[in-house]
file data_24.cif (mmCIF, C-alpha atoms)
data_query
loop_
_atom_site.label_atom_id
_atom_site.label_comp_id
_atom_site.auth_asym_id
_atom_site.auth_seq_id
_atom_site.Cartn_x
_atom_site.Cartn_y
_atom_site.Cartn_z
CA MET O 315 33.71 -1.58 -8.12
CA GLY O 316 31.86 1.72 -8.63
CA GLY O 317 35.17 3.44 -9.39
CA PHE O 318 35.63 1.38 -12.56
CA LEU O 319 32.35 2.56 -14.03
CA PRO O 320 31.69 5.85 -15.86
CA PRO O 321 29.76 8.44 -13.77
CA ALA O 322 26.42 7.84 -15.54
CA GLU O 323 26.63 4.10 -14.97
CA ARG O 324 27.70 4.65 -11.35
CA ARG O 325 24.62 6.82 -10.88
CA SER O 326 22.27 4.25 -12.38
CA SER O 327 23.88 1.45 -10.34
CA ALA O 328 23.47 3.50 -7.15
CA LEU O 329 19.84 4.18 -8.06
CA LEU O 330 19.21 0.47 -8.60
CA GLY O 331 20.81 -0.25 -5.23
CA LEU O 332 18.50 2.29 -3.60
CA TYR O 333 15.44 0.74 -5.24
CA ALA O 334 16.54 -2.74 -4.22
CA VAL O 335 17.08 -1.67 -0.60
CA LEU O 336 13.69 0.12 -0.52
CA SER O 337 11.95 -2.92 -2.00
CA LEU O 338 13.57 -5.27 0.50
CA LEU O 339 12.63 -2.96 3.36
CA LEU O 340 9.05 -2.94 2.12
CA LEU O 341 9.07 -6.73 1.86
CA LEU O 342 10.18 -6.95 5.47
CA THR O 343 8.02 -4.20 6.96
CA GLY O 344 5.33 -3.54 4.34
CA ASP O 345 2.59 -5.40 6.19
CA ARG O 346 2.93 -3.00 9.12
CA ILE O 347 2.62 0.14 6.96
CA PRO O 348 -0.94 1.53 6.79
CA THR O 349 -1.66 1.57 3.06
CA ALA O 350 -5.46 1.89 3.03
CA SER O 351 -5.33 5.67 2.45
CA LEU O 352 -2.93 5.21 -0.49
CA ARG O 353 -5.23 2.59 -2.00
CA ALA O 354 -8.17 4.96 -1.48
CA ALA O 355 -6.33 7.68 -3.40
CA GLY O 356 -5.43 5.18 -6.12
CA ALA O 357 -9.00 3.97 -6.43
CA TRP O 358 -10.22 7.58 -6.65
CA VAL O 359 -7.72 8.40 -9.43
CA PHE O 360 -8.38 5.21 -11.37
CA ALA O 361 -12.19 5.05 -11.04
CA PRO O 362 -13.05 7.39 -13.97
CA LEU O 363 -10.39 5.75 -16.15
CA ASP O 364 -11.64 2.28 -15.28
CA ARG O 365 -15.16 3.36 -16.25
CA LEU O 366 -13.86 4.69 -19.55
CA VAL O 367 -11.92 1.54 -20.43
CA LEU O 368 -14.79 -0.70 -19.45
CA ALA O 369 -17.48 1.33 -21.24
CA VAL O 370 -16.92 -0.21 -24.70
CA ASP O 371 -16.57 -3.72 -23.41
CA ARG O 372 -19.65 -3.40 -21.24
CA THR O 373 -21.87 -1.89 -23.90
CA ALA O 374 -21.36 -4.91 -26.15
CA ASP O 375 -21.82 -7.28 -23.25
CA ALA O 376 -24.93 -5.48 -22.05
CA TRP O 377 -26.71 -6.17 -25.33
CA ARG O 378 -25.98 -9.90 -25.14
CA GLU O 379 -26.76 -9.97 -21.45
CA ASN O 380 -30.09 -8.28 -22.11
CA GLN O 381 -31.13 -11.20 -24.33
CA ARG O 382 -30.14 -13.72 -21.71
CA LEU O 383 -31.87 -11.78 -18.95
CA ARG O 384 -35.14 -11.65 -20.89
CA GLU O 385 -35.15 -15.44 -21.16
CA ARG O 386 -34.22 -15.77 -17.54
CA LEU O 387 -36.93 -13.35 -16.50
CA VAL O 388 -39.58 -15.57 -18.06
CA ARG O 389 -38.19 -18.65 -16.33
CA LEU O 390 -37.96 -16.85 -12.99
CA GLU O 391 -41.50 -15.50 -13.31
CA LEU O 392 -42.74 -19.08 -13.61
CA GLU O 393 -40.59 -20.21 -10.71
CA ASN O 394 -41.71 -17.24 -8.67
CA GLN O 395 -45.32 -18.35 -8.99
CA ARG O 396 -44.38 -21.73 -7.58
CA LEU O 397 -42.25 -20.24 -4.78
CA ARG O 398 -45.01 -17.83 -3.71
CA GLY O 399 -47.14 -20.82 -2.85
CA ALA O 400 -44.24 -22.47 -1.05
CA GLY O 401 -43.52 -19.21 0.81
CA VAL O 402 -47.06 -18.95 2.12
CA GLU O 403 -46.86 -22.55 3.25
CA ASN O 404 -43.45 -21.89 4.86
CA GLN O 405 -44.77 -18.90 6.83
CA ARG O 406 -47.72 -20.92 8.07
CA LEU O 407 -45.43 -23.77 9.18
CA ARG O 408 -43.00 -21.36 10.89
CA ARG O 409 -45.89 -19.83 12.81
CA LEU O 410 -47.04 -23.30 13.87
CA LEU O 411 -43.51 -24.16 15.04
CA GLU O 412 -43.16 -20.71 16.66
CA LEU O 413 -40.06 -19.88 14.61
CA PRO O 414 -39.35 -16.20 13.83
CA ALA O 415 -40.32 -15.01 10.35
CA TRP O 416 -37.64 -14.86 7.67
CA ARG O 417 -36.58 -11.38 6.63
CA GLY O 418 -35.64 -10.61 3.04
CA LEU O 419 -32.27 -9.05 2.19
CA ALA O 420 -31.91 -5.54 0.81
CA LEU O 421 -29.60 -5.33 -2.19
CA LYS O 422 -27.65 -2.28 -3.33
CA PRO O 423 -26.37 -2.57 -6.94
CA VAL O 424 -22.74 -1.58 -7.55
CA GLU O 425 -20.41 -1.60 -10.53
CA ILE O 426 -17.10 -3.43 -10.33
CA LEU O 427 -14.56 -0.95 -11.63
CA ALA O 428 -11.33 -2.91 -11.29
CA LEU O 429 -10.01 -6.25 -10.15
CA SER O 430 -6.63 -7.07 -8.72
CA GLY O 431 -4.81 -10.36 -8.42
CA GLU O 432 -3.41 -12.89 -10.88
CA PRO O 433 -4.31 -15.45 -12.04
CA VAL O 434 -7.44 -15.35 -9.89
CA PRO O 435 -8.89 -11.96 -8.88
CA VAL O 436 -8.67 -11.45 -5.11
CA ALA O 437 -9.99 -7.91 -4.65
CA ALA O 438 -12.35 -5.53 -6.43
CA VAL O 439 -12.89 -1.79 -6.50
CA LEU O 440 -16.62 -0.97 -6.26
CA SER O 441 -18.45 2.11 -7.51
CA ALA O 442 -20.16 2.93 -4.19
CA GLY O 443 -18.69 4.09 -0.92
CA ARG O 444 -19.56 5.56 2.46
CA ARG O 445 -21.73 8.30 0.95
CA GLN O 446 -23.90 5.60 -0.63
CA GLY O 447 -24.20 3.81 2.71
CA VAL O 448 -21.55 1.17 2.17
CA VAL O 449 -19.69 0.20 5.32
CA GLU O 450 -16.80 -2.16 5.96
CA GLY O 451 -18.00 -5.72 6.39
CA ASP O 452 -20.98 -5.53 4.03
CA PRO O 453 -21.28 -8.78 2.02
CA LEU O 454 -20.91 -8.59 -1.76
CA VAL O 455 -22.95 -10.92 -3.97
CA THR O 456 -23.83 -11.43 -7.62
CA GLN O 457 -27.01 -12.95 -8.97
CA ASP O 458 -25.15 -16.29 -8.86
CA GLY O 459 -23.89 -16.17 -5.30
CA LEU O 460 -21.48 -14.82 -2.73
CA LEU O 461 -18.46 -12.88 -3.95
CA GLY O 462 -16.80 -11.51 -0.80
CA ARG O 463 -17.12 -8.56 1.54
CA VAL O 464 -16.22 -4.90 1.72
CA THR O 465 -12.96 -4.34 3.59
CA GLU O 466 -12.26 -0.67 2.92
CA ALA O 467 -14.98 1.97 2.39
CA TYR O 468 -13.87 5.29 0.90
CA PRO O 469 -16.15 8.35 0.40
CA THR O 470 -17.44 7.39 -3.06
CA LEU O 471 -15.75 4.04 -3.70
CA SER O 472 -14.97 0.91 -1.77
CA ARG O 473 -12.73 -2.11 -1.95
CA ALA O 474 -13.94 -5.64 -1.45
CA VAL O 475 -11.95 -8.76 -0.74
CA LEU O 476 -13.23 -11.75 -2.71
CA LEU O 477 -13.61 -15.36 -1.60
CA THR O 478 -10.32 -16.03 -3.36
CA ASP O 479 -8.29 -13.96 -0.91
CA LEU O 480 -5.97 -16.15 1.16
CA ASN O 481 -7.24 -14.56 4.39
CA SER O 482 -10.93 -15.00 3.57
CA ALA O 483 -13.00 -17.46 5.63
CA VAL O 484 -16.74 -18.01 5.28
CA ALA O 485 -18.90 -20.12 7.59
CA CYS O 486 -20.91 -22.39 5.28
CA GLU O 487 -23.31 -25.28 5.28
CA VAL O 488 -24.08 -27.92 2.72
CA GLU O 489 -27.59 -27.49 1.39
CA SER O 490 -30.16 -30.05 2.53
CA THR O 491 -27.75 -31.90 4.88
CA ALA O 492 -26.72 -28.86 6.99
CA VAL O 493 -23.15 -30.14 7.25
CA LEU O 494 -21.11 -27.20 8.55
CA GLY O 495 -17.66 -26.09 7.42
CA VAL O 496 -15.48 -23.09 6.75
CA LEU O 497 -14.76 -22.08 3.17
CA ARG O 498 -11.18 -21.01 2.53
CA PHE O 499 -9.11 -20.32 -0.56
CA VAL O 500 -5.84 -22.14 -1.02
CA SER O 501 -3.35 -21.27 -3.74
CA THR O 502 -1.32 -24.46 -3.59
CA PRO O 503 -0.95 -26.95 -5.18
CA ARG O 504 -3.42 -25.09 -7.40
CA PRO O 505 -5.92 -22.30 -6.69
CA ARG O 506 -9.22 -23.66 -5.33
CA LEU O 507 -11.90 -23.09 -2.73
CA LEU O 508 -11.93 -25.69 0.05
CA LEU O 509 -14.66 -26.39 2.55
CA THR O 510 -12.60 -27.18 5.63
CA GLY O 511 -13.34 -28.56 9.05
CA VAL O 512 -15.90 -31.13 7.89
CA PRO O 513 -15.48 -34.37 9.89
CA LEU O 514 -14.95 -37.62 7.98
CA SER O 515 -18.16 -38.97 9.51
CA ASP O 516 -20.31 -36.38 7.69
CA THR O 517 -21.60 -37.46 4.30
CA VAL O 518 -20.88 -34.95 1.55
CA ARG O 519 -21.25 -35.65 -2.16
CA ALA O 520 -20.14 -33.92 -5.35
CA GLY O 521 -22.94 -31.86 -6.84
CA GLN O 522 -24.36 -30.64 -3.54
CA LYS O 523 -24.76 -26.89 -3.11
CA VAL O 524 -22.90 -24.93 -0.45
CA MET O 525 -24.49 -21.89 1.19
CA THR O 526 -23.57 -19.45 3.93
CA SER O 527 -24.57 -20.84 7.29
CA GLY O 528 -25.14 -17.57 9.08
CA LEU O 529 -22.89 -18.73 11.93
CA SER O 530 -20.51 -15.85 11.32
CA ARG O 531 -21.55 -12.25 11.86
CA ARG O 532 -20.37 -11.26 8.40
CA TYR O 533 -22.70 -13.13 6.07
CA PRO O 534 -26.44 -13.73 6.38
CA ARG O 535 -27.66 -17.30 6.07
CA GLY O 536 -28.66 -18.85 2.77
CA ILE O 537 -26.48 -17.05 0.22
CA PRO O 538 -25.32 -19.54 -2.43
CA VAL O 539 -21.55 -19.97 -2.35
CA GLY O 540 -20.83 -22.79 -4.77
CA THR O 541 -21.15 -26.43 -5.72
CA ILE O 542 -19.08 -29.31 -4.40
CA THR O 543 -16.99 -30.79 -7.20
CA TRP O 544 -14.69 -33.19 -5.37
CA THR O 545 -14.35 -34.74 -1.93
CA GLY O 546 -11.46 -36.56 -0.33
CA ARG O 547 -9.58 -37.09 2.90
CA ASP O 548 -7.37 -34.23 4.03
CA PRO O 549 -3.63 -34.91 4.58
CA GLY O 550 -4.15 -34.90 8.36
CA GLY O 551 -6.69 -37.70 8.06
CA LEU O 552 -9.18 -36.16 10.51
CA THR O 553 -11.38 -34.10 8.23
CA GLN O 554 -12.44 -34.02 4.60
CA ASP O 555 -10.96 -32.03 1.74
CA ILE O 556 -13.98 -30.66 -0.13
CA VAL O 557 -13.38 -28.67 -3.29
CA VAL O 558 -16.07 -26.10 -4.07
CA GLU O 559 -16.60 -24.44 -7.41
CA PRO O 560 -17.71 -20.84 -6.75
CA ALA O 561 -21.24 -19.95 -7.77
CA ALA O 562 -20.22 -16.43 -8.77
CA ARG O 563 -18.30 -16.29 -12.05
CA LEU O 564 -15.02 -14.67 -11.08
CA SER O 565 -13.76 -14.45 -14.65
CA ARG O 566 -16.48 -12.08 -15.73
CA LEU O 567 -17.43 -9.64 -13.03
CA ARG O 568 -19.16 -6.42 -14.02
CA HIS O 569 -21.98 -5.80 -11.60
CA ALA O 570 -22.65 -6.98 -8.09
CA PHE O 571 -24.88 -6.23 -5.12
CA ILE O 572 -23.96 -5.14 -1.64
CA ILE O 573 -26.11 -6.40 1.21
CA PRO O 574 -26.13 -3.36 3.48
CA HIS O 575 -25.51 -4.06 7.15
CA PRO O 576 -26.82 -7.63 7.43
CA ALA O 577 -28.40 -8.49 10.77
CA PRO O 578 -25.90 -9.81 13.33
CA LEU O 579 -26.18 -13.37 14.55
CA GLU O 580 -28.11 -12.52 17.73
CA GLY O 581 -30.87 -10.69 15.89
CA ALA O 582 -30.99 -12.97 12.86
CA PRO O 583 -33.89 -15.35 12.50
CA MET U 109 9.71 16.85 -17.02
CA ARG U 110 8.38 15.30 -20.22
CA SER U 111 9.91 11.98 -19.27
CA VAL U 112 8.28 12.04 -15.83
CA VAL U 113 4.87 12.78 -17.34
CA ALA U 114 5.35 10.02 -19.92
CA LEU U 115 6.43 7.63 -17.17
CA LEU U 116 3.31 8.39 -15.14
CA ILE U 117 1.03 8.03 -18.17
CA VAL U 118 2.53 4.66 -19.17
CA THR U 119 2.32 3.50 -15.55
CA VAL U 120 -1.37 4.42 -15.33
CA VAL U 121 -2.18 2.82 -18.70
CA THR U 122 -0.32 -0.37 -17.74
CA LEU U 123 -2.13 -0.65 -14.40
CA LEU U 124 -5.46 0.09 -16.07
CA LEU U 125 -4.95 -2.68 -18.60
CA ARG U 126 -3.93 -5.07 -15.85
CA SER U 127 -6.98 -4.37 -13.70
CA THR U 128 -9.58 -4.32 -16.49
CA ALA U 129 -8.98 -5.90 -19.89
CA LEU U 130 -6.49 -8.56 -18.80
CA THR U 131 -8.22 -9.83 -15.67
CA ALA U 132 -10.72 -11.92 -17.63
CA LEU U 133 -7.85 -13.61 -19.49
CA ALA U 134 -5.88 -14.13 -16.28
CA ALA U 135 -8.88 -15.79 -14.62
CA ARG U 136 -8.91 -18.28 -17.51
CA GLY U 137 -5.29 -19.15 -16.85
CA VAL U 138 -3.61 -16.98 -19.50
CA VAL U 139 -1.55 -14.33 -17.73
CA LEU U 140 -0.24 -11.67 -20.09
CA ASP U 141 2.46 -10.04 -17.99
CA VAL U 142 1.84 -6.45 -18.93
CA LEU U 143 4.10 -5.25 -16.08
CA ALA U 144 7.14 -7.06 -17.48
CA PHE U 145 6.23 -6.04 -21.04
CA ALA U 146 5.96 -2.34 -20.17
CA THR U 147 9.18 -2.39 -18.15
CA VAL U 148 11.13 -4.02 -21.00
CA MET U 149 9.80 -1.55 -23.57
CA TRP U 150 10.47 1.43 -21.33
CA ALA U 151 14.00 0.27 -20.52
CA LEU U 152 14.76 -0.48 -24.18
CA ARG U 153 13.78 3.05 -25.11
CA ASN U 154 15.06 5.00 -22.10
CA ARG U 155 18.05 2.93 -20.88
CA GLU U 156 18.92 1.68 -17.42
CA THR U 157 18.34 4.69 -15.14
CA TRP U 158 14.83 5.30 -16.36
CA GLY U 159 14.26 1.56 -16.82
CA ALA U 160 14.99 0.85 -13.16
CA SER U 161 12.93 3.88 -12.03
CA PHE U 162 9.97 2.89 -14.19
CA GLY U 163 10.14 -0.72 -12.96
CA PHE U 164 10.29 0.42 -9.36
CA ILE U 165 7.34 2.84 -9.63
CA LEU U 166 5.20 0.42 -11.64
CA GLY U 167 6.04 -2.42 -9.27
CA LEU U 168 5.27 -0.32 -6.22
CA ALA U 169 1.85 0.59 -7.64
CA ALA U 170 1.16 -3.09 -8.40
CA ASP U 171 2.26 -4.05 -4.87
CA LEU U 172 -0.06 -1.47 -3.38
CA ASP U 173 -2.93 -2.85 -5.45
CA ALA U 174 -2.22 -6.41 -4.34
CA ALA U 175 -2.07 -5.39 -0.64
CA HIS U 176 0.19 -8.33 0.20
CA TRP U 177 4.00 -8.56 0.18
CA MET U 178 4.78 -4.93 -0.55
CA GLY U 179 7.96 -4.59 -2.54
CA ARG U 180 7.95 -7.91 -4.40
CA HIS U 181 6.95 -6.50 -7.82
CA ALA U 182 9.01 -3.36 -7.23
CA LEU U 183 12.23 -5.29 -6.60
CA MET U 184 12.03 -7.58 -9.62
CA LEU U 185 10.75 -4.97 -12.07
CA SER U 186 13.45 -2.47 -11.12
CA LEU U 187 16.07 -5.20 -11.67
CA ILE U 188 14.51 -6.08 -15.03
CA GLY U 189 14.37 -2.41 -16.00
CA TYR U 190 18.01 -1.92 -15.10
CA GLY U 191 19.15 -5.12 -16.81
CA VAL U 192 17.27 -4.47 -20.04
CA GLY U 193 18.44 -0.85 -20.01
CA ARG U 194 22.07 -1.95 -19.77
CA LEU U 195 21.58 -4.52 -22.51
CA SER U 196 19.96 -1.93 -24.77
CA HIS U 197 23.41 -0.34 -25.29
CA THR U 198 24.62 -3.43 -27.10
CA LEU U 199 21.53 -5.20 -28.42
CA MET U 200 19.67 -4.54 -31.66
CA ARG U 201 16.71 -2.92 -29.96
CA ASP U 202 14.50 -2.90 -33.06
CA SER U 203 15.00 -6.59 -33.76
CA ARG U 204 11.81 -8.55 -33.25
CA ARG U 205 13.77 -11.59 -32.10
CA VAL U 206 15.61 -9.56 -29.48
CA GLN U 207 12.37 -8.05 -28.26
CA ALA U 208 10.68 -11.46 -28.10
CA ALA U 209 13.63 -12.92 -26.19
CA LEU U 210 13.64 -10.02 -23.74
CA PHE U 211 9.87 -10.31 -23.16
CA LEU U 212 10.26 -14.06 -22.62
CA ILE U 213 13.14 -13.76 -20.15
CA ALA U 214 11.64 -10.79 -18.29
CA THR U 215 8.27 -12.53 -17.94
CA LEU U 216 9.93 -15.75 -16.80
CA MET U 217 11.92 -13.86 -14.16
CA HIS U 218 8.98 -11.77 -12.96
CA GLN U 219 6.46 -14.61 -12.85
CA ALA U 220 8.90 -17.00 -11.21
CA TRP U 221 9.67 -14.40 -8.55
CA VAL U 222 5.97 -13.74 -7.91
CA ALA U 223 5.23 -17.48 -7.85
CA SER U 224 8.00 -18.03 -5.30
CA PHE U 225 5.82 -16.20 -2.75
CA GLU U 226 3.09 -18.80 -3.24
CA LEU U 227 5.30 -21.85 -2.91
CA GLY U 228 3.89 -24.34 -0.46
CA ASP U 229 4.66 -28.01 -0.56
CA ALA U 230 6.16 -29.70 -3.59
CA ALA U 231 2.71 -30.57 -4.93
CA ALA U 232 2.22 -26.92 -5.85
CA TRP U 233 5.31 -26.72 -8.03
CA PRO U 234 3.95 -28.25 -11.24
CA TYR U 235 1.01 -25.83 -11.29
CA LEU U 236 3.19 -22.80 -10.56
CA LEU U 237 5.78 -23.87 -13.12
CA ARG U 238 3.04 -24.29 -15.72
CA ARG U 239 1.66 -20.87 -14.87
CA VAL U 240 5.09 -19.22 -15.19
CA PHE U 241 5.80 -21.02 -18.45
CA LEU U 242 2.39 -20.20 -19.95
CA ALA U 243 2.73 -16.53 -18.99
CA ALA U 244 6.13 -16.33 -20.67
CA VAL U 245 5.12 -18.09 -23.90
CA ALA U 246 1.96 -15.99 -24.10
CA THR U 247 3.52 -12.60 -23.29
CA ALA U 248 6.54 -12.89 -25.63
CA PRO U 249 4.68 -13.37 -28.95
CA VAL U 250 1.73 -11.15 -28.04
CA GLY U 251 4.07 -8.40 -26.85
CA THR U 252 6.25 -8.62 -29.95
CA LEU U 253 3.21 -8.60 -32.22
CA LEU U 254 1.76 -5.60 -30.41
CA VAL U 255 5.02 -3.65 -30.74
CA ALA U 256 5.22 -4.53 -34.45
CA LEU U 257 1.62 -3.44 -35.02
CA VAL U 258 1.99 -0.16 -33.17
CA GLU U 259 5.25 0.62 -34.96
CA ARG U 260 3.66 -0.22 -38.32
CA VAL U 261 0.64 2.01 -37.64
CA SER U 262 2.55 4.92 -36.07
CA GLY U 263 5.59 4.66 -38.33
CA GLN U 264 7.86 5.18 -35.31
CA SER U 265 10.12 2.88 -33.40
CA LEU U 266 8.87 2.26 -29.87
CA SER U 267 12.23 1.07 -28.65
CA GLY U 268 14.11 4.09 -30.04
CA HIS U 269 16.11 3.97 -33.25
CA ALA U 270 19.76 3.02 -33.05
CA THR U 271 21.76 6.12 -33.88
CA ILE U 272 24.82 5.94 -36.09
CA GLU U 273 27.63 8.12 -34.87
CA PRO U 274 29.16 10.20 -37.72
CA ASP U 275 32.70 9.25 -38.55
CA PRO U 276 35.03 12.07 -37.33
CA ALA U 277 37.16 11.53 -40.44
CA ASP U 278 34.25 12.58 -42.72
#

call {"tool": "encode", "arguments": {"input": "data_24.cif", "output": "structure tokens"}}
result
Amino acid sequence: MGGFLPPAERRSSALLGLYAVLSLLLLLTGDRIPTASLRAAGAWVFAPLDRLVLAVDRTADAWRENQRLRERLVRLELENQRLRGAGVENQRLRRLLELPAWRGLALKPVEILALSGEPVPVAAVLSAGRRQGVVEGDPLVTQDGLLGRVTEAYPTLSRAVLLTDLNSAVACEVESTAVLGVLRFVSTPRPRLLLTGVPLSDTVRAGQKVMTSGLSRRYPRGIPVGTITWTGRDPGGLTQDIVVEPAARLSRLRHAFIIPHPAPLEGAP
Amino acid sequence: MRSVVALLIVTVVTLLLRSTALTALAARGVVLDVLAFATVMWALRNRETWGASFGFILGLAADLDAAHWMGRHALMLSLIGYGVGRLSHTLMRDSRRVQAALFLIATLMHQAWVASFELGDAAAWPYLLRRVFLAAVATAPVGTLLVALVERVSGQSLSGHATIEPDPAD
């Protein structure tokens, strides 16, 4: 067939064939190719450009956010007063029950430079890396709740996989009832976070908060994850299908916090 | 050399837009397929060889960013680049209707191909079909409007002016 085409068209057809073969080869073997170093180089190249593009957008947002934060600060100051009293009481009760004291979490602020994934972001490039003490596995949170964890740490940048990644799994518990489950993201029939592995006998209601349970080594206990919006029976009929709305707003991510090296399960209170 | 530099610049700008400005829209369910848009525009201007090359490079970069299913964007975008490049020989490249139709078809093809990797049971189909349809009907008018605006402001045709061959008899 190539013989019927002019030389220029033959060349372009051959080129297309080459691209198609390369693409198909990548589709078949791409998962076995180590691509972390390429992504690191890409993140390094794009980081200053991302900052530049986001600067205008973020300046305008920062002004509005400042107003909101001032209001929130006042509310939180009042709540803090109340919680201080509850904290003192909690420590006294823990001592009486001989439970270990609760340790606070250190937070390292980072900027989210870029997001990847459509329609729901599944990964983020962060503005801190190994030199800033970020290591693979560190949890990533916002002021609203859990976002994901760092999967690749480069010298000055890092890449985090969000809760919405298909391979993400977070050990969670339902607040106040301590019902345990594993939070996973499913893309079909529509994208949503599901709390899986909850037996039908456990009572779970819409509106209840979901938090990390601390049963996995990756996430410390008590980080807000989301709110239950719907419950039903899973197709297998053995467990419940529990839809969770994420606490962190994935549509508007600008800043986040890394929890550096959370205590492993054995040492955790 | 100039073409290679231009290709790299447009690739970087496209990926930047996709990972920054358009992510907030995408999270709200409106996917503007900037990859398909850029490939169509590049192929309209530079024909099939460069169209396929641009689609492949852009797609490969997008695949690398996604970290799953390497090659899926690259394959479809190189096909779109080649197809649009071939069509640009015969189509009225500066026609807004032609551009809108090409954006619509390219986005439909690209989004449908990407969605095919997420197909689970039949219950997922309505959502994915809606997503593909919405992306196409959003990208086509926005893309056409953007091209018209840029051409109006710059005074130059982005798709490359159709040249009229001088009549040898003249």

call {"tool": "resolve_selection", "arguments": {"input": "data_24.cif", "expression": "the PyMOL selection byres ((chain U and resi 237) around 12)", "output": "ChimeraX atom specification"}}
result
/O:502-504 /U:216-217,219-224,226-227,230-236,238-244

call {"tool": "residues_near_point", "arguments": {"input": "data_24.cif", "point": "(11.7, -7.9, -9.7)", "cutoff": "12 Å", "atoms": "only C-alpha atoms", "output": "ChimeraX atom specification"}}
result
/O:330,333-334,337-338,341 /U:143-144,147-148,160,162-168,170-171,178-191,214-224

call {"tool": "interface_residues", "arguments": {"input": "data_24.cif", "of": "chain O", "to": "chain U", "cutoff": "9 Å", "atoms": "only C-alpha atoms", "output": "compact mmCIF listing (two decimals) with C-alpha atoms, in the coordinates of the input"}}
result
# COMPACT_ATOMS: atom_id res chain seq x y z
CA ALA O 322 26.42 7.84 -15.54
CA GLU O 323 26.63 4.10 -14.97
CA ARG O 325 24.62 6.82 -10.88
CA SER O 326 22.27 4.25 -12.38
CA SER O 327 23.88 1.45 -10.34
CA LEU O 329 19.84 4.18 -8.06
CA LEU O 330 19.21 0.47 -8.60
CA TYR O 333 15.44 0.74 -5.24
CA ALA O 334 16.54 -2.74 -4.22
CA VAL O 335 17.08 -1.67 -0.60
CA LEU O 336 13.69 0.12 -0.52
CA SER O 337 11.95 -2.92 -2.00
CA LEU O 338 13.57 -5.27 0.50
CA LEU O 339 12.63 -2.96 3.36
CA LEU O 340 9.05 -2.94 2.12
CA LEU O 341 9.07 -6.73 1.86
CA LEU O 342 10.18 -6.95 5.47
CA THR O 343 8.02 -4.20 6.96
CA GLY O 344 5.33 -3.54 4.34
CA ASP O 345 2.59 -5.40 6.19
CA THR O 349 -1.66 1.57 3.06
CA ALA O 350 -5.46 1.89 3.03
CA LEU O 352 -2.93 5.21 -0.49
CA ARG O 353 -5.23 2.59 -2.00
CA GLY O 356 -5.43 5.18 -6.12
CA PHE O 360 -8.38 5.21 -11.37
CA LEU O 363 -10.39 5.75 -16.15
CA ASP O 364 -11.64 2.28 -15.28
CA VAL O 367 -11.92 1.54 -20.43
CA LEU O 368 -14.79 -0.70 -19.45
CA ASP O 371 -16.57 -3.72 -23.41
CA LEU O 427 -14.56 -0.95 -11.63
CA ALA O 428 -11.33 -2.91 -11.29
CA LEU O 429 -10.01 -6.25 -10.15
CA SER O 430 -6.63 -7.07 -8.72
CA GLY O 431 -4.81 -10.36 -8.42
CA GLU O 432 -3.41 -12.89 -10.88
CA PRO O 433 -4.31 -15.45 -12.04
CA VAL O 434 -7.44 -15.35 -9.89
CA PRO O 435 -8.89 -11.96 -8.88
CA VAL O 436 -8.67 -11.45 -5.11
CA ALA O 437 -9.99 -7.91 -4.65
CA SER O 501 -3.35 -21.27 -3.74
CA THR O 502 -1.32 -24.46 -3.59
CA PRO O 503 -0.95 -26.95 -5.18
CA ARG O 504 -3.42 -25.09 -7.40
CA LEU O 564 -15.02 -14.67 -11.08
CA SER O 565 -13.76 -14.45 -14.65
CA ARG O 566 -16.48 -12.08 -15.73
CA LEU O 567 -17.43 -9.64 -13.03

call {"tool": "resolve_selection", "arguments": {"input": "data_24.cif", "expression": "the PyMOL selection byres ((chain O and resi 525) around 7)", "output": "ChimeraX atom specification"}}
result
/O:486-489,523-524,526-527,536-539

call {"tool": "atom_distance", "arguments": {"input": "data_24.cif", "atom1": "CA of Pro469 (chain O)", "atom2": "CA of Asp452 (chain O)"}}
result
15.1 Å

call {"tool": "resolve_selection", "arguments": {"input": "data_24.cif", "expression": "the PyMOL selection byres ((chain U and resi 247-259) around 9)", "output": "compact mmCIF listing (two decimals) with C-alpha atoms, in the frame of the given file"}}
result
# COMPACT_ATOMS: atom_id res chain seq x y z
CA VAL U 139 -1.55 -14.33 -17.73
CA LEU U 140 -0.24 -11.67 -20.09
CA ASP U 141 2.46 -10.04 -17.99
CA VAL U 142 1.84 -6.45 -18.93
CA ALA U 144 7.14 -7.06 -17.48
CA PHE U 145 6.23 -6.04 -21.04
CA MET U 149 9.80 -1.55 -23.57
CA ARG U 204 11.81 -8.55 -33.25
CA ARG U 205 13.77 -11.59 -32.10
CA GLN U 207 12.37 -8.05 -28.26
CA ALA U 208 10.68 -11.46 -28.10
CA ALA U 209 13.63 -12.92 -26.19
CA LEU U 210 13.64 -10.02 -23.74
CA PHE U 211 9.87 -10.31 -23.16
CA LEU U 212 10.26 -14.06 -22.62
CA ILE U 213 13.14 -13.76 -20.15
CA THR U 215 8.27 -12.53 -17.94
CA LEU U 242 2.39 -20.20 -19.95
CA ALA U 243 2.73 -16.53 -18.99
CA ALA U 244 6.13 -16.33 -20.67
CA VAL U 245 5.12 -18.09 -23.90
CA ALA U 246 1.96 -15.99 -24.10
CA ARG U 260 3.66 -0.22 -38.32
CA VAL U 261 0.64 2.01 -37.64
CA SER U 262 2.55 4.92 -36.07
CA GLY U 263 5.59 4.66 -38.33
CA GLN U 264 7.86 5.18 -35.31
CA SER U 265 10.12 2.88 -33.40
CA LEU U 266 8.87 2.26 -29.87
CA SER U 267 12.23 1.07 -28.65

call {"tool": "residues_near_point", "arguments": {"input": "data_24.cif", "point": "(-25.1, -5.0, -5.1)", "cutoff": "10 Å", "atoms": "all atoms listed in the file", "output": "ChimeraX atom specification"}}
result
/O:420-426,440,442,453-457,569-574
